[in-house]
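Engineer: Could you have a look at this structure, given as structure tokens, before my questions?
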Amino acid sequence: MSAPAAPRRRIALVIGSGSVKCAAALGLQRVLAREHIDVDMVVGCSGGSIYASFLAGGFATEDAVRMTKELWTRKITSRRHTPSLLRAILPGLFGFSEDFGLKSDRLVMRRLEDVFGGRRIEAMPTRLHLTATDFHTGEQVVLSEGSVVDAIRASIAIPFIFRPWKVGDRLLIDGFMSDPLPVGVAIREGADIIVAMGFESPYQSAIRSPARFSFQLSSIMTNNLLKSRFAFHNLAHHAEVIPVIPQFSQHIRLFDTEKIPLIIEEGERAAEEQLPYLRRLLAEPAAGAFRA
Amino acid sequence: MEIAVRESGTVTVVSIRGSVDGLTAGDLSDAIGAQVRGGRTHLVADFAEVEYISSAGLRAVLGALKDARQQGGDFRLAAIRPDVQRVLDLSGFTSILKAFSTVDAAVGSFGG
């Protein structure tokens, strides 16, 4: 009787938070496609949820670039959310509530609808998991079914900018608040080889406004959370977590969509750095690998 | 991956060349384990020629660190390349182990 075939290793791609820098995932996608490396699942968080959805949805890189330029422009935060402002300035009169965000989400919702329409997570060609954070408990929430647009909107509910978003009976905020690089989701879903593309939040070069002060605090907390979660997942995983951390030669701001070609190039470069090991790993029989 | 072991007084220097990853980490664990079992618990890993470290490699480093410390010694790193340093930083390892810019400094850190 012949021995049972070794199980195929399941490959996951995890794209962490990082605003427009998450477009580097398209460079990673190019490398994996060129090498004929099939991915079994994609996990995305915050800005990474948009690119995880592109990848899981089978969008061509060129289409994803075009859609990014249409979707992610300064205009999406140009309009104030007046009720929130009134509630913040005059809480006694208007009643402050958790439904608070300084910017209107009308445009970003319209653009997400234009791109993803009525697509559902469970119907994507590749398994997709998007993460957000429960506003009331702080727990990570993994959205593995339901509307793609709703899940992305929840995952990008940046505190103070966009209002929290309700999915089912839970009020959700940005996924980066619970884990900026949700490798744990891929571990839980049974992935063996996890290619994790993450981004450190930039520190401010000068603090000359309360907003920048706030961004600085957010970066400090997010980067420390990223490291502590990543450290735990690295040590907890039975197989490999391969970090792909693009190093950008230029400073990338929130809406620097004109730098997308550069961002993709850096993503491609970072992926290529990991390629020799990934190739060797995939060439090994599953049973022989990972003796640590 | 290639491993060379030499002694410098009470310190054992383990020089590693290549990639410390899921395919090679077991060899590193074996080499360090043999030293610790033999009572050599003051260990320096020369990382000058380590070009890559994966999560399995990090687990091997952590195992070495715990083995050495449980026996009253320590496992210290030296001459880490920037790419590997980035992975160690991101993974929080630089907060739990001692790293030095040169092997001599790492060996000297154990004292006489």
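By convention in this document, the chains of the structure tokens carry letters A, B, ... by their order, each chain's residues are numbered from 1, and ligands are numbered from 1 in the order they are shown.
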Would you give me, as a ChimeraX atom specification, the residues of chain B that come within 10 Å of chain A, using only C-alpha atoms?

Structural biologist: /B:19-30,52-63,83,86-93

Engineer: Next, write the just-selected residues to a file, as a JSON list (two decimals), in the first residue's frame, keeping N, CA and C atoms as the atom set.

Structural biologist:
[["chain", "number", "residue", "atom", "x", "y", "z"],
["B", 19, "SER", "N", 21.40, 30.99, 5.38],
["B", 19, "SER", "CA", 20.04, 31.33, 5.76],
["B", 19, "SER", "C", 19.59, 30.50, 6.96],
["B", 20, "VAL", "N", 19.08, 31.18, 7.98],
["B", 20, "VAL", "CA", 18.54, 30.47, 9.15],
["B", 20, "VAL", "C", 17.03, 30.43, 8.96],
["B", 21, "ASP", "N", 16.53, 29.31, 8.48],
["B", 21, "ASP", "CA", 15.11, 29.26, 8.11],
["B", 21, "ASP", "C", 14.53, 27.90, 8.45],
["B", 22, "GLY", "N", 13.33, 27.67, 7.95],
["B", 22, "GLY", "CA", 12.64, 26.43, 8.27],
["B", 22, "GLY", "C", 13.37, 25.18, 7.80],
["B", 23, "LEU", "N", 14.24, 25.33, 6.82],
["B", 23, "LEU", "CA", 14.96, 24.18, 6.28],
["B", 23, "LEU", "C", 16.27, 23.94, 7.01],
["B", 24, "THR", "N", 16.73, 24.93, 7.77],
["B", 24, "THR", "CA", 18.06, 24.82, 8.39],
["B", 24, "THR", "C", 18.06, 25.04, 9.91],
["B", 25, "ALA", "N", 16.97, 25.58, 10.42],
["B", 25, "ALA", "CA", 16.95, 25.98, 11.83],
["B", 25, "ALA", "C", 17.22, 24.81, 12.77],
["B", 26, "GLY", "N", 16.80, 23.61, 12.37],
["B", 26, "GLY", "CA", 17.03, 22.43, 13.20],
["B", 26, "GLY", "C", 18.52, 22.17, 13.42],
["B", 27, "ASP", "N", 19.32, 22.43, 12.39],
["B", 27, "ASP", "CA", 20.77, 22.23, 12.52],
["B", 27, "ASP", "C", 21.36, 23.21, 13.54],
["B", 28, "LEU", "N", 20.86, 24.43, 13.51],
["B", 28, "LEU", "CA", 21.36, 25.42, 14.47],
["B", 28, "LEU", "C", 20.97, 24.99, 15.90],
["B", 29, "SER", "N", 19.72, 24.55, 16.05],
["B", 29, "SER", "CA", 19.27, 24.09, 17.37],
["B", 29, "SER", "C", 20.12, 22.93, 17.87],
["B", 30, "ASP", "N", 20.45, 22.00, 16.96],
["B", 30, "ASP", "CA", 21.28, 20.86, 17.34],
["B", 30, "ASP", "C", 22.66, 21.32, 17.79],
["B", 52, "TYR", "N", 19.79, 35.79, 5.91],
["B", 52, "TYR", "CA", 18.33, 35.71, 5.97],
["B", 52, "TYR", "C", 17.93, 34.98, 7.25],
["B", 53, "ILE", "N", 16.86, 35.44, 7.86],
["B", 53, "ILE", "CA", 16.30, 34.68, 9.00],
["B", 53, "ILE", "C", 14.78, 34.70, 8.88],
["B", 54, "SER", "N", 14.19, 33.54, 9.04],
["B", 54, "SER", "CA", 12.73, 33.44, 8.92],
["B", 54, "SER", "C", 12.14, 33.21, 10.31],
["B", 55, "SER", "N", 10.83, 33.01, 10.36],
["B", 55, "SER", "CA", 10.19, 32.80, 11.67],
["B", 55, "SER", "C", 10.69, 31.52, 12.32],
["B", 56, "ALA", "N", 10.95, 30.49, 11.51],
["B", 56, "ALA", "CA", 11.50, 29.24, 12.08],
["B", 56, "ALA", "C", 12.90, 29.50, 12.63],
["B", 57, "GLY", "N", 13.66, 30.34, 11.95],
["B", 57, "GLY", "CA", 14.99, 30.72, 12.43],
["B", 57, "GLY", "C", 14.90, 31.47, 13.74],
["B", 58, "LEU", "N", 13.92, 32.35, 13.84],
["B", 58, "LEU", "CA", 13.72, 33.10, 15.09],
["B", 58, "LEU", "C", 13.38, 32.15, 16.24],
["B", 59, "ARG", "N", 12.60, 31.15, 15.94],
["B", 59, "ARG", "CA", 12.23, 30.18, 16.99],
["B", 59, "ARG", "C", 13.47, 29.41, 17.46],
["B", 60, "ALA", "N", 14.37, 29.12, 16.52],
["B", 60, "ALA", "CA", 15.62, 28.43, 16.90],
["B", 60, "ALA", "C", 16.47, 29.34, 17.79],
["B", 61, "VAL", "N", 16.53, 30.62, 17.45],
["B", 61, "VAL", "CA", 17.29, 31.58, 18.26],
["B", 61, "VAL", "C", 16.69, 31.66, 19.66],
["B", 62, "LEU", "N", 15.36, 31.71, 19.72],
["B", 62, "LEU", "CA", 14.69, 31.78, 21.02],
["B", 62, "LEU", "C", 14.97, 30.53, 21.85],
["B", 63, "GLY", "N", 14.95, 29.38, 21.19],
["B", 63, "GLY", "CA", 15.24, 28.12, 21.88],
["B", 63, "GLY", "C", 16.65, 28.13, 22.46],
["B", 83, "ASP", "N", 19.49, 43.80, 7.09],
["B", 83, "ASP", "CA", 18.23, 43.12, 6.72],
["B", 83, "ASP", "C", 17.77, 42.18, 7.84],
["B", 86, "ARG", "N", 16.54, 44.11, 10.85],
["B", 86, "ARG", "CA", 15.17, 44.62, 10.67],
["B", 86, "ARG", "C", 14.15, 43.57, 11.12],
["B", 87, "VAL", "N", 14.42, 42.31, 10.75],
["B", 87, "VAL", "CA", 13.50, 41.23, 11.14],
["B", 87, "VAL", "C", 13.53, 41.04, 12.67],
["B", 88, "LEU", "N", 14.74, 41.11, 13.24],
["B", 88, "LEU", "CA", 14.86, 40.96, 14.69],
["B", 88, "LEU", "C", 14.13, 42.09, 15.42],
["B", 89, "ASP", "N", 14.26, 43.31, 14.89],
["B", 89, "ASP", "CA", 13.56, 44.45, 15.50],
["B", 89, "ASP", "C", 12.05, 44.27, 15.42],
["B", 90, "LEU", "N", 11.59, 43.95, 14.21],
["B", 90, "LEU", "CA", 10.15, 43.81, 13.98],
["B", 90, "LEU", "C", 9.56, 42.71, 14.86],
["B", 91, "SER", "N", 10.35, 41.69, 15.11],
["B", 91, "SER", "CA", 9.86, 40.55, 15.88],
["B", 91, "SER", "C", 10.06, 40.72, 17.38],
["B", 92, "GLY", "N", 10.59, 41.85, 17.78],
["B", 92, "GLY", "CA", 10.74, 42.12, 19.20],
["B", 92, "GLY", "C", 11.95, 41.46, 19.83],
["B", 93, "PHE", "N", 12.78, 40.78, 19.03],
["B", 93, "PHE", "CA", 13.91, 40.04, 19.61],
["B", 93, "PHE", "C", 14.97, 40.95, 20.22]]

Engineer: Compile the contact shell of Leu65 in chain B as a PyMOL selection string: residues with an atom at most 10 Å away, counting only C-alpha atoms, same-chain residues fewer than 2 positions apart removed.

Structural biologist: chain B and resi 32+41+43+59-63+67-70+73-76+96-97

Engineer: With only C-alpha atoms as the counted atoms, please give the residues lying no more than 9 Å from Pro83 in chain A, apart from itself and same-chain residues fewer than 3 positions off, as a list in words.

Structural biologist: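 Here the answer would be Arg80, Leu86, Arg87, Ala88, Phe94, Phe100 and Leu102 of chain A.
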
Engineer: Convert the current residue selection to file output with C-alpha atoms, as a CSV table (one decimal), in the first residue's frame.

Structural biologist:
chain,number,residue,atom,x,y,z
A,80,ARG,CA,-16.9,67.4,6.8
A,86,LEU,CA,-21.9,69.8,16.0
A,87,ARG,CA,-22.0,67.0,18.5
A,88,ALA,CA,-18.3,67.6,19.4
A,94,PHE,CA,-26.8,67.8,20.0
A,100,PHE,CA,-18.5,60.2,15.5
A,102,LEU,CA,-15.0,64.3,11.3

Engineer: Output as a PyMOL selection string all residues of range 194-264 of chain A that backbone DSSP marks as helix (DSSP H, G or I).

Structural biologist: chain A and resi 210-236+257-264

Engineer: From a DSSP pass on the backbone, collect the residues of chain B flagged as strand (DSSP E) and hand them back as a PyMOL selection string.

Structural biologist: chain B and resi 2-8+11-20+42-53+74-78+99-100
